[in-house]
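Participant: File name input23.cif; file contents mmCIF, C-alpha atoms; full text below.
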data_model
loop_
_atom_site.label_atom_id
_atom_site.label_comp_id
_atom_site.auth_asym_id
_atom_site.auth_seq_id
_atom_site.Cartn_x
_atom_site.Cartn_y
_atom_site.Cartn_z
CA MET A 240 5.67 -9.56 19.60
CA ARG A 241 7.61 -8.60 16.45
CA LEU A 242 6.72 -4.98 15.73
CA PHE A 243 7.52 -2.19 13.31
CA PHE A 244 6.35 1.32 12.42
CA ALA A 245 5.36 1.91 8.79
CA LEU A 246 3.60 4.20 6.38
CA TRP A 247 0.61 2.00 5.60
CA PRO A 248 -1.28 2.26 2.29
CA ASP A 249 -4.97 1.51 1.90
CA ALA A 250 -6.01 -1.72 0.12
CA SER A 251 -6.66 -0.04 -3.25
CA THR A 252 -3.15 1.49 -3.23
CA GLN A 253 -1.62 -1.87 -2.36
CA LEU A 254 -3.42 -3.44 -5.35
CA GLU A 255 -2.33 -0.59 -7.61
CA TRP A 256 1.31 -1.13 -6.59
CA GLU A 257 1.02 -4.89 -7.13
CA ARG A 258 -0.37 -4.40 -10.66
CA ALA A 259 2.22 -1.75 -11.55
CA VAL A 260 5.23 -3.87 -10.63
CA ALA A 261 3.94 -7.26 -11.84
CA PRO A 262 5.58 -7.02 -15.32
CA LEU A 263 8.94 -6.16 -13.73
CA GLN A 264 8.60 -8.95 -11.17
CA ALA A 265 8.03 -11.45 -13.96
CA THR A 266 11.46 -10.48 -15.32
CA LEU A 267 13.24 -10.48 -11.95
CA GLY A 268 11.70 -13.62 -10.49
CA GLY A 269 11.68 -14.27 -6.78
CA ARG A 270 8.81 -14.61 -4.34
CA ARG A 271 6.22 -11.84 -4.68
CA ILE A 272 5.01 -10.05 -1.59
CA PRO A 273 1.18 -10.24 -1.35
CA ALA A 274 -0.56 -6.92 -2.01
CA ALA A 275 -1.97 -6.83 1.53
CA ASN A 276 1.61 -6.81 2.92
CA LEU A 277 2.96 -3.91 0.85
CA HIS A 278 4.08 -0.99 3.05
CA LEU A 279 6.99 1.38 3.69
CA THR A 280 8.83 0.57 6.92
CA LEU A 281 9.90 3.54 9.05
CA ALA A 282 11.49 1.60 11.92
CA PHE A 283 11.79 -2.12 12.63
CA LEU A 284 11.72 -2.98 16.34
CA GLY A 285 11.92 -6.76 16.33
CA GLU A 286 10.69 -8.54 19.47
CA VAL A 287 8.99 -6.21 21.96
CA ARG A 288 7.44 -7.20 25.28
CA GLY A 289 3.70 -6.55 25.50
CA ASP A 290 4.11 -4.37 28.59
CA ARG A 291 5.97 -1.79 26.44
CA MET A 292 3.03 -1.18 24.08
CA ASN A 293 1.87 1.97 25.88
CA GLU A 294 5.33 3.52 25.40
CA LEU A 295 5.08 2.89 21.66
CA LEU A 296 1.56 4.34 21.50
CA ARG A 297 2.72 7.50 23.32
CA LEU A 298 5.67 7.79 20.97
CA GLY A 299 3.32 7.53 17.99
CA ASP A 300 1.09 10.22 19.52
CA ASP A 301 4.09 12.58 19.65
CA LEU A 302 5.25 12.11 16.04
CA ASP A 303 5.02 14.92 13.51
CA ARG A 304 2.12 13.95 11.30
CA SER A 305 2.74 16.31 8.39
CA PRO A 306 1.58 15.00 4.99
CA VAL A 307 4.02 12.66 3.23
CA PHE A 308 3.85 12.57 -0.57
CA LEU A 309 6.02 10.12 -2.53
CA ARG A 310 6.74 9.47 -6.18
CA LEU A 311 7.67 5.80 -6.39
CA ASP A 312 9.40 5.65 -9.76
CA ARG A 313 11.78 2.70 -9.85
CA ILE A 314 12.43 -0.87 -8.80
CA GLU A 315 15.82 -1.30 -7.19
CA TYR A 316 17.54 -4.66 -6.70
CA TRP A 317 19.40 -5.22 -3.43
CA LYS A 318 21.81 -8.12 -3.94
CA LYS A 319 22.78 -9.01 -0.35
CA PRO A 320 19.24 -9.62 0.91
CA GLY A 321 18.00 -10.59 -2.60
CA LEU A 322 15.17 -8.03 -2.62
CA ALA A 323 13.37 -6.06 -5.30
CA CYS A 324 12.14 -2.77 -3.85
CA LEU A 325 9.88 -0.01 -5.10
CA ARG A 326 11.69 3.28 -4.37
CA PRO A 327 11.50 7.02 -4.87
CA THR A 328 14.38 8.71 -6.71
CA GLU A 329 13.93 11.74 -4.46
CA VAL A 330 13.19 11.33 -0.76
CA PRO A 331 11.06 14.16 0.64
CA LEU A 332 12.58 16.01 3.58
CA VAL A 333 9.38 15.50 5.61
CA LEU A 334 9.86 11.72 5.35
CA GLU A 335 13.54 11.95 6.38
CA ARG A 336 12.53 14.05 9.40
CA LEU A 337 9.74 11.65 10.40
CA ALA A 338 12.05 8.62 10.24
CA GLY A 339 14.71 10.51 12.22
CA GLN A 340 12.21 11.63 14.87
CA LEU A 341 10.99 8.05 15.23
CA GLN A 342 14.53 6.63 15.51
CA THR A 343 15.46 9.23 18.13
CA GLY A 344 12.30 8.62 20.17
CA LEU A 345 12.77 4.86 20.09
CA SER A 346 16.42 5.16 21.09
CA LEU A 347 15.66 7.52 23.98
CA ALA A 348 12.97 5.12 25.20
CA GLY A 349 15.50 2.28 25.24
CA PHE A 350 14.26 0.30 22.23
CA ALA A 351 16.82 -1.46 20.05
CA VAL A 352 16.96 0.33 16.70
CA GLU A 353 18.94 -0.27 13.53
CA HIS A 354 21.63 2.38 13.10
CA ARG A 355 21.83 2.74 9.35
CA HIS A 356 20.87 5.38 6.84
CA PHE A 357 17.10 5.44 6.25
CA LYS A 358 16.44 4.18 2.71
CA PRO A 359 12.67 4.32 2.10
CA HIS A 360 11.40 1.37 0.09
CA VAL A 361 8.49 -0.98 -0.44
CA THR A 362 9.71 -4.57 -0.72
CA VAL A 363 7.85 -6.21 -3.62
CA SER A 364 9.84 -9.48 -4.05
CA ARG A 365 12.15 -11.63 -1.94
CA ASP A 366 14.72 -14.22 -2.99
CA VAL A 367 15.26 -12.48 -6.33
CA PRO A 368 17.78 -14.56 -8.31
CA ILE A 369 18.63 -12.03 -11.06
CA ALA A 370 20.87 -9.06 -10.38
CA THR A 371 19.78 -6.02 -12.34
CA ALA A 372 20.19 -2.29 -12.48
CA SER A 373 17.40 -0.02 -11.30
CA LEU A 374 14.28 -0.40 -13.47
CA PRO A 375 11.91 2.51 -14.13
CA VAL A 376 8.26 2.19 -13.12
CA TRP A 377 5.90 3.78 -15.61
CA PRO A 378 3.59 5.42 -14.98
CA VAL A 379 5.16 6.75 -11.78
CA LEU A 380 3.19 5.78 -8.67
CA GLU A 381 2.28 8.93 -6.78
CA TRP A 382 1.20 8.37 -3.19
CA SER A 383 0.05 10.53 -0.34
CA ALA A 384 0.56 8.30 2.69
CA PRO A 385 -2.63 8.19 4.76
CA VAL A 386 -1.30 6.87 8.09
CA ILE A 387 1.62 5.87 10.24
CA ALA A 388 0.94 2.40 11.61
CA LEU A 389 2.29 0.25 14.41
CA VAL A 390 2.28 -3.25 12.94
CA ARG A 391 2.71 -6.74 14.36
CA SER A 392 4.51 -9.30 12.19
CA ARG A 393 4.01 -13.03 12.62
CA PRO A 394 6.25 -15.27 10.52
CA GLY A 395 4.49 -18.15 8.81
CA PRO A 396 5.21 -20.84 6.24
CA ALA A 397 3.91 -18.68 3.36
CA GLY A 398 5.60 -15.48 4.61
CA ALA A 399 4.76 -12.91 7.24
CA ASP A 400 1.26 -12.13 8.41
CA TYR A 401 0.85 -8.44 9.31
CA ALA A 402 -1.73 -6.90 11.61
CA VAL A 403 -2.06 -3.14 12.09
CA LEU A 404 -2.33 -2.56 15.85
CA HIS A 405 -2.72 1.22 15.81
CA GLU A 406 -2.82 4.04 13.24
CA TRP A 407 -2.05 7.75 13.35
CA PRO A 408 -3.48 9.78 10.44
CA LEU A 409 -1.17 12.05 8.47
CA GLY A 410 -1.98 15.48 7.14
#
Using structure tokens, write down the structure that the file contains.
Facilitator:
Amino acid sequence: MRLFFALWPDASTQLEWERAVAPLQATLGGRRIPAANLHLTLAFLGEVRGDRMNELLRLGDDLDRSPVFLRLDRIEYWKKPGLACLRPTEVPLVLERLAGQLQTGLSLAGFAVEHRHFKPHVTVSRDVPIATASLPVWPVLEWSAPVIALVRSRPGPAGADYAVLHEWPLG
């Protein structure tokens, strides 16, 4: 199974984000991510054997679940992967700590983790053909993340299909 941990918004927040970035996406082009797939990845695991699920659930149980509040205020273009991402200008310390705790726990448990600086983002478009500077989002999208989720990703012809396997409430 392809798995990842994410801060997972509710459906109304996903729709709000989709509506807020639609005018900017029209300018940038690319393939829009469906509202139901919008999320903020904390850690991507890739392929994980099913017999390791209990380890991941225990790890999730042990995470700090302090409230996470974000101000998503810009769209950033990432040239190499061709992505347009909704991002916060300022990353809250509580989010940095949560991502670090998750990376450490996964590493100690023997899971393969990406070793790069955590850059919180919500991917809103793929295959973006136009390079651009950061674009402001107005009004700013303020979000109190409701849950940490363990999510399964299944690639398909129209993009990935995500299924939340387990949630841990924040706050």
Participant: Given only C-alpha atoms as the basis, pick out the residue of A:His278, A:Lys318, A:Arg291, A:Arg258 nearest to Val403 of chain A.
Facilitator: A:His278
Participant: Which one of A:Arg391, A:Arg270, A:Arg241, A:Arg297 sits closest to Val367 of chain A if you count all atoms listed in the file?
Facilitator: A:Arg270
Participant: Any chance you could resolve the PyMOL selection byres ((chain A and resi 358) around 12) against this file and give the residues as number ranges by chain?
Facilitator: A: 279-282, 315, 317, 324-331, 334-335, 338-339, 353-357, 359-362
Participant: Which residue is closest to Pro273 of chain A? Choose from A:Val363, A:Leu347, A:Ala245, A:Val376 and count all atoms listed in the file.
Facilitator: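 The answer is A:Val363, which sits nearest to Pro273 of chain A.
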Participant: Which one is closest to Leu298 of chain A: A:Ala397, A:Thr266, A:Phe283, A:Gln342? Count only C-alpha atoms.
Facilitator: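 Distance minimum relative to Leu298 of chain A lands on A:Gln342.
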Participant: Name the closest residue to Asp303 of chain A among the candidates A:Leu337, A:Glu406, A:Gly321, A:Gly398; distances are taken between atoms, counting all atoms listed in the file.
Facilitator: A:Leu337
Participant: For Gly349 of chain A, work out the shell of residues within 12 Å, counting all atoms listed in the file and skipping chain neighbours fewer than 4 positions away, then give it as a PyMOL selection string.
Facilitator: chain A and resi 284+287+291+294-295+342-345
